[in-house]
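Enquirer: Got a file for you: data-v9.txt, compact mmCIF, C-alpha atoms and all ligand atoms.
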```txt
# COMPACT_ATOMS: atom_id res chain seq x y z
CA MET J 1 3.26 43.88 -9.77
CA ASN J 2 1.01 44.40 -12.79
CA ASN J 3 -2.52 45.72 -12.84
CA TYR J 4 -4.18 43.04 -14.93
CA ALA J 5 -7.00 40.94 -13.55
CA PRO J 6 -7.10 37.29 -14.63
CA LYS J 7 -9.50 37.00 -17.55
CA LYS J 8 -12.58 34.83 -17.27
CA GLY J 9 -12.20 31.69 -19.34
CA THR J 10 -8.48 31.39 -18.62
CA PHE J 11 -8.71 29.74 -15.20
CA THR J 12 -10.66 27.33 -13.07
CA PHE J 13 -10.79 26.51 -9.38
CA THR J 14 -10.14 23.11 -7.83
CA MET J 15 -9.98 21.44 -4.45
CA ILE J 16 -8.45 18.11 -3.56
CA LYS J 17 -11.01 16.95 -1.02
CA PRO J 18 -10.22 15.82 2.58
CA GLY J 19 -9.28 12.36 3.78
CA GLU J 20 -6.21 10.22 4.24
CA GLU J 21 -6.86 8.41 0.97
CA ASN J 22 -6.66 11.73 -0.91
CA GLN J 23 -3.75 13.15 1.07
CA GLU J 24 -1.52 10.30 -0.01
CA ASN J 25 -2.37 11.01 -3.66
CA ILE J 26 -1.89 14.80 -3.62
CA GLY J 27 1.43 14.58 -5.49
CA GLU J 28 0.07 12.30 -8.20
CA ILE J 29 -3.08 14.37 -8.63
CA LEU J 30 -1.06 17.56 -9.01
CA THR J 31 1.17 15.78 -11.54
CA MET J 32 -1.89 14.78 -13.60
CA ILE J 33 -3.05 18.41 -13.47
CA THR J 34 0.24 19.95 -14.58
CA GLU J 35 0.87 17.25 -17.20
CA ALA J 36 -2.54 18.09 -18.69
CA GLY J 37 -1.26 21.61 -19.31
CA PHE J 38 -2.63 23.55 -16.35
CA ARG J 39 -0.41 26.13 -14.66
CA ILE J 40 -0.91 26.58 -10.92
CA GLN J 41 -1.78 30.24 -10.35
CA SER J 42 -2.46 29.88 -6.58
CA MET J 43 -2.44 27.02 -4.09
CA LYS J 44 -2.91 26.41 -0.37
CA MET J 45 -4.02 23.83 2.17
CA ILE J 46 -6.93 24.99 4.29
CA ARG J 47 -9.56 23.47 6.55
CA LEU J 48 -13.02 24.83 5.79
CA ARG J 49 -15.30 25.93 8.59
CA THR J 50 -18.89 24.69 8.51
CA LYS J 51 -20.24 28.09 7.45
CA GLN J 52 -17.75 28.32 4.59
CA ALA J 53 -18.65 24.84 3.32
CA GLU J 54 -22.37 25.65 3.58
CA ILE J 55 -21.82 28.77 1.49
CA PHE J 56 -19.55 27.04 -1.03
CA TYR J 57 -22.10 24.23 -1.57
CA ARG J 58 -25.25 26.37 -1.20
CA HIS J 59 -26.47 25.24 -4.64
CA LEU J 60 -26.96 21.80 -3.05
CA ALA J 61 -28.80 23.09 0.04
CA ASP J 62 -32.06 21.34 -0.88
CA LYS J 63 -30.41 17.97 -1.59
CA PRO J 64 -30.71 15.14 0.92
CA PHE J 65 -26.92 14.71 0.95
CA PHE J 66 -26.15 18.40 1.68
CA ASN J 67 -25.31 17.92 5.37
CA ASP J 68 -23.08 14.95 4.56
CA VAL J 69 -21.20 17.00 1.95
CA VAL J 70 -20.66 19.82 4.47
CA LYS J 71 -19.58 17.38 7.18
CA TYR J 72 -17.14 15.64 4.87
CA MET J 73 -15.70 18.83 3.38
CA THR J 74 -14.97 20.17 6.88
CA SER J 75 -13.51 16.88 8.16
CA GLY J 76 -9.91 17.77 7.25
CA PRO J 77 -7.84 20.09 5.11
CA VAL J 78 -8.39 20.53 1.41
CA VAL J 79 -5.82 21.59 -1.16
CA ALA J 80 -7.33 24.59 -2.94
CA ALA J 81 -5.87 25.89 -6.19
CA VAL J 82 -6.54 28.15 -9.13
CA LEU J 83 -5.48 26.55 -12.41
CA GLU J 84 -4.70 28.48 -15.55
CA LYS J 85 -5.15 27.24 -19.12
CA ASP J 86 -7.10 28.19 -22.24
CA ASN J 87 -10.60 26.71 -21.94
CA ALA J 88 -9.75 25.86 -18.33
CA VAL J 89 -13.23 25.08 -16.97
CA VAL J 90 -14.23 22.68 -19.73
CA ASP J 91 -10.82 21.02 -20.00
CA TYR J 92 -10.58 20.55 -16.24
CA ARG J 93 -14.06 19.02 -16.01
CA LYS J 94 -12.84 16.56 -18.68
CA LEU J 95 -9.70 15.81 -16.69
CA ILE J 96 -11.59 15.13 -13.42
CA GLY J 97 -14.33 13.02 -15.02
CA ALA J 98 -17.98 12.44 -14.08
CA THR J 99 -19.35 13.19 -10.58
CA ASN J 100 -20.00 9.47 -10.13
CA PRO J 101 -16.58 7.82 -10.58
CA GLU J 102 -18.24 4.69 -11.98
CA GLU J 103 -19.25 6.84 -14.94
CA ALA J 104 -15.88 8.59 -15.23
CA GLU J 105 -13.75 7.88 -18.30
CA GLU J 106 -10.38 6.12 -18.20
CA GLY J 107 -7.53 8.54 -17.65
CA THR J 108 -9.56 10.91 -15.47
CA ILE J 109 -8.67 11.79 -11.88
CA ARG J 110 -11.93 10.44 -10.48
CA LYS J 111 -11.67 7.19 -12.44
CA ARG J 112 -8.17 6.66 -11.11
CA PHE J 113 -8.60 7.69 -7.47
CA ALA J 114 -12.29 7.95 -6.48
CA LYS J 115 -14.28 5.16 -4.85
CA SER J 116 -17.73 6.77 -4.73
CA THR J 117 -19.79 9.87 -5.63
CA ASP J 118 -19.71 11.22 -2.09
CA ARG J 119 -15.91 10.90 -1.93
CA ASN J 120 -15.00 11.77 -5.47
CA VAL J 121 -11.56 13.23 -4.67
CA VAL J 122 -11.66 16.56 -6.48
CA HIS J 123 -13.85 19.58 -7.07
CA GLY J 124 -13.77 21.51 -10.34
CA SER J 125 -15.75 24.65 -11.18
CA ASP J 126 -18.60 24.08 -13.62
CA SER J 127 -18.69 27.52 -15.29
CA ASP J 128 -16.43 30.53 -15.83
CA ASP J 129 -18.62 32.61 -13.50
CA ASN J 130 -18.38 30.02 -10.75
CA ALA J 131 -14.62 29.67 -11.32
CA ALA J 132 -14.24 33.41 -10.72
CA GLU J 133 -16.45 33.32 -7.64
CA GLU J 134 -14.85 30.21 -6.17
CA ALA J 135 -11.30 31.44 -6.82
CA SER J 136 -12.03 34.68 -4.99
CA PHE J 137 -13.73 32.77 -2.17
CA PHE J 138 -10.31 31.28 -1.36
CA PHE J 139 -7.68 33.64 -2.75
CA SER J 140 -7.09 37.38 -2.85
CA MET J 141 -5.61 38.82 -6.04
CA GLY J 142 -2.37 39.19 -4.11
CA GLU J 143 -2.27 35.38 -3.87
CA ARG J 144 -2.76 34.80 -7.59
CA PHE J 145 0.31 34.85 -9.78
CA ASN J 146 0.73 35.17 -13.52
CA SER J 147 3.29 33.14 -15.47
CA LYS J 148 5.92 35.80 -14.87
CA GLY J 149 5.48 35.48 -11.11
CA PHE J 150 3.63 38.75 -10.59
CA CYS J 151 0.42 38.86 -8.58
CA PHE J 152 -2.73 40.37 -10.01
CA PHE J 153 -4.14 43.65 -8.82
CA GLY J 154 -7.69 42.52 -9.24
CA TRP J 155 -9.96 45.07 -10.80
CA GLY J 156 -12.85 43.31 -12.48
CA GLN J 157 -12.94 39.76 -13.70
P1 LIG J 201 -19.53 18.05 -9.23
O1 LIG J 201 -18.62 18.02 -8.03
O2 LIG J 201 -19.16 16.97 -10.22
O3 LIG J 201 -19.63 19.42 -9.86
P2 LIG J 201 -22.14 18.53 -8.01
O4 LIG J 201 -23.44 18.07 -8.57
O5 LIG J 201 -21.85 20.01 -8.02
O6 LIG J 201 -20.99 17.69 -8.74
O7 LIG J 201 -22.08 18.03 -6.51
C1 LIG J 201 -21.10 18.51 -5.63
C2 LIG J 201 -20.59 17.37 -4.78
O8 LIG J 201 -21.66 16.85 -3.99
C3 LIG J 201 -20.09 16.17 -5.59
O9 LIG J 201 -18.77 16.33 -6.03
C4 LIG J 201 -20.23 15.05 -4.59
O10 LIG J 201 -19.15 15.04 -3.69
C5 LIG J 201 -21.51 15.44 -3.84
N1 LIG J 201 -22.65 14.73 -4.43
C6 LIG J 201 -23.27 14.98 -5.61
N2 LIG J 201 -24.28 14.11 -5.83
C7 LIG J 201 -24.30 13.28 -4.75
C8 LIG J 201 -25.12 12.17 -4.38
O11 LIG J 201 -26.04 11.77 -5.10
N3 LIG J 201 -24.81 11.57 -3.20
C9 LIG J 201 -23.80 12.00 -2.38
N4 LIG J 201 -23.01 13.04 -2.70
C10 LIG J 201 -23.25 13.68 -3.86
```
How would this structure read if it were set down as structure tokens?
Ligand code: IDP
Expert:
Amino acid sequence: MNNYAPKKGTFTFTMIKPGEENQENIGEILTMITEAGFRIQSMKMIRLRTKQAEIFYRHLADKPFFNDVVKYMTSGPVVAAVLEKDNAVVDYRKLIGATNPEEAEEGTIRKRFAKSTDRNVVHGSDSDDNAAEEASFFFSMGERFNSKGFCFFGWGQ
């Protein structure tokens, strides 16, 4: 075990969202992620409770679609992962594409797999601060592994 915390800017957080249509594409989505140069630092399948989804999406609490987002995100398991790469947040937002898949560029995950904004297949953190917060919402430092296979100790981010 080493005593280094993962440095901000070197990782992002993602979820593959619930639903049969996403479950059948988990393998292909993970392949797109690793082929784009991201290393998986942590990963698990988990079903969010309502309270957890409300907290995770609290920045949308005043939006008319908030309850639908919470309902959908708790409707089945998600695949949660921390992804490591230089410039991870920005590069991953590029890889997933625009929130509305109709506006997503060719070659992005949402363009390839998403049918609509409310079921847009993947989440990706939108800032380094949020990546750190979202990663620790799901994973302890003992569940995050560096490229040598050691987990982080977790002082500071
Ligand atoms: P992002 O996922 O691309 O970062 P956010 O604005 O943070 O986009 O919204 C979070 C999630 O809320 C989106 O991924 C999408 O599932 C849902 N969402 C955003 N805007 C709408 C909308 O106008 N209608 C329905 N759902 C929406």
Enquirer: Just how far from atom CA of J:Val70 is atom CA of J:Val121, in Å to one decimal?
Expert: 14.5 Å
Enquirer: Give the centre and edge lengths of an axis-aligned box, in Å to one decimal, that holds all listed atoms of ligand LIG 201 (chain J) with 3 Å on each side, as AutoDock Vina command-line options.
Expert:
```
--center_x -22.3 --center_y 15.8 --center_z -6.3 --size_x 13.4 --size_y 14.4 --size_z 13.8
```
Enquirer: Find the nearest atom pair between each residue of chain J and ligand LIG 201 (chain J) for residues within 6 Å, count all atoms listed in the file, give distances in Å to one decimal, sort rows by chain and ascending number, and present the table as a Markdown table.
Expert:
```
| residue | atom | partner | partner_atom | distance |
| --- | --- | --- | --- | --- |
| J:Phe65 | CA | J:LIG201 | C9 | 5.3 |
| J:Val69 | CA | J:LIG201 | O8 | 6.0 |
| J:Thr99 | CA | J:LIG201 | O2 | 3.8 |
| J:Thr117 | CA | J:LIG201 | C4 | 5.3 |
| J:Asp118 | CA | J:LIG201 | N4 | 3.8 |
| J:Arg119 | CA | J:LIG201 | O10 | 5.5 |
| J:Asn120 | CA | J:LIG201 | O10 | 5.6 |
| J:His123 | CA | J:LIG201 | O1 | 5.1 |
```
Enquirer: Mind listing as number ranges by chain all residues within 10 Å of (-9.8, 24.3, -7.5), counting only C-alpha atoms?
Expert: J: 11-17, 40, 42-43, 78-83, 92, 122-125, 131, 134-135, 138
Enquirer: For atom CA of J:Glu28 and atom CA of J:Leu95, quote the distance in Å rounded to one decimal.
Expert: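 Distance reported for this atom pair: 13.4 Å.
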Enquirer: Counting only C-alpha atoms, which of J:Tyr4, J:Glu102, J:Glu133, J:Phe139 gets nearest to J:Ile46?
Expert: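 Closest to J:Ile46 of all the choices is J:Phe139.
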Enquirer: Would you compute the distance between atom CA of J:Asp129 and atom CA of J:Gln41? Give it in Å to one decimal.
Expert: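 For atom CA of J:Asp129 relative to atom CA of J:Gln41, the distance reads 17.3 Å.
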Enquirer: Go through J:Lys115, J:Arg110, J:Lys71, J:Arg39 and flag the residue nearest J:Pro18, using all atoms listed in the file for the distances.
Expert: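 Result for the nearest residue to J:Pro18: J:Lys71.
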Enquirer: J:Arg49: which residues within 8 Å, counting all atoms listed in the file, same-chain residues fewer than 3 positions away excluded, as an mmCIF file with C-alpha atoms, in the coordinates of the input?
Expert:
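File written: selection00.cif
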```
data_model
loop_
_atom_site.group_PDB
_atom_site.id
_atom_site.type_symbol
_atom_site.label_atom_id
_atom_site.label_comp_id
_atom_site.auth_asym_id
_atom_site.auth_seq_id
_atom_site.Cartn_x
_atom_site.Cartn_y
_atom_site.Cartn_z
ATOM 1 C CA GLN J 52 -17.750 28.320 4.590
ATOM 2 C CA ALA J 53 -18.650 24.840 3.320
ATOM 3 C CA THR J 74 -14.970 20.170 6.880
#
```
Enquirer: Which of these, J:Phe145, J:Phe152, J:Phe113, J:Phe137, has the shortest distance to J:Met32 once you count all atoms listed in the file?
Expert: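 Among the listed residues, J:Phe113 lies closest to J:Met32.
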Enquirer: Smallest atom-to-atom distance to J:Ala132: which of J:Thr10, J:Thr108, J:Ser116, J:Asn87, using all atoms listed in the file?
Expert: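 Comparing J:Thr10, J:Thr108, J:Ser116, J:Asn87 against J:Ala132, the winner is J:Thr10.
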Enquirer: Would you mind telling me which residue in J:Gly142, J:Ile109, J:Ser127, J:Gly149 lies nearest to J:Ile29 when using only C-alpha atoms?
Expert: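 Closest to J:Ile29, using only C-alpha atoms: J:Ile109.
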Enquirer: With only C-alpha atoms counted, which protein, DNA or RNA residues have an atom no more than 6 Å from (-8.2, 22.2, -18.2) in the file frame? Please answer as a VMD selection string.
Expert: chain J and resid 85 88 to 89 91 to 92
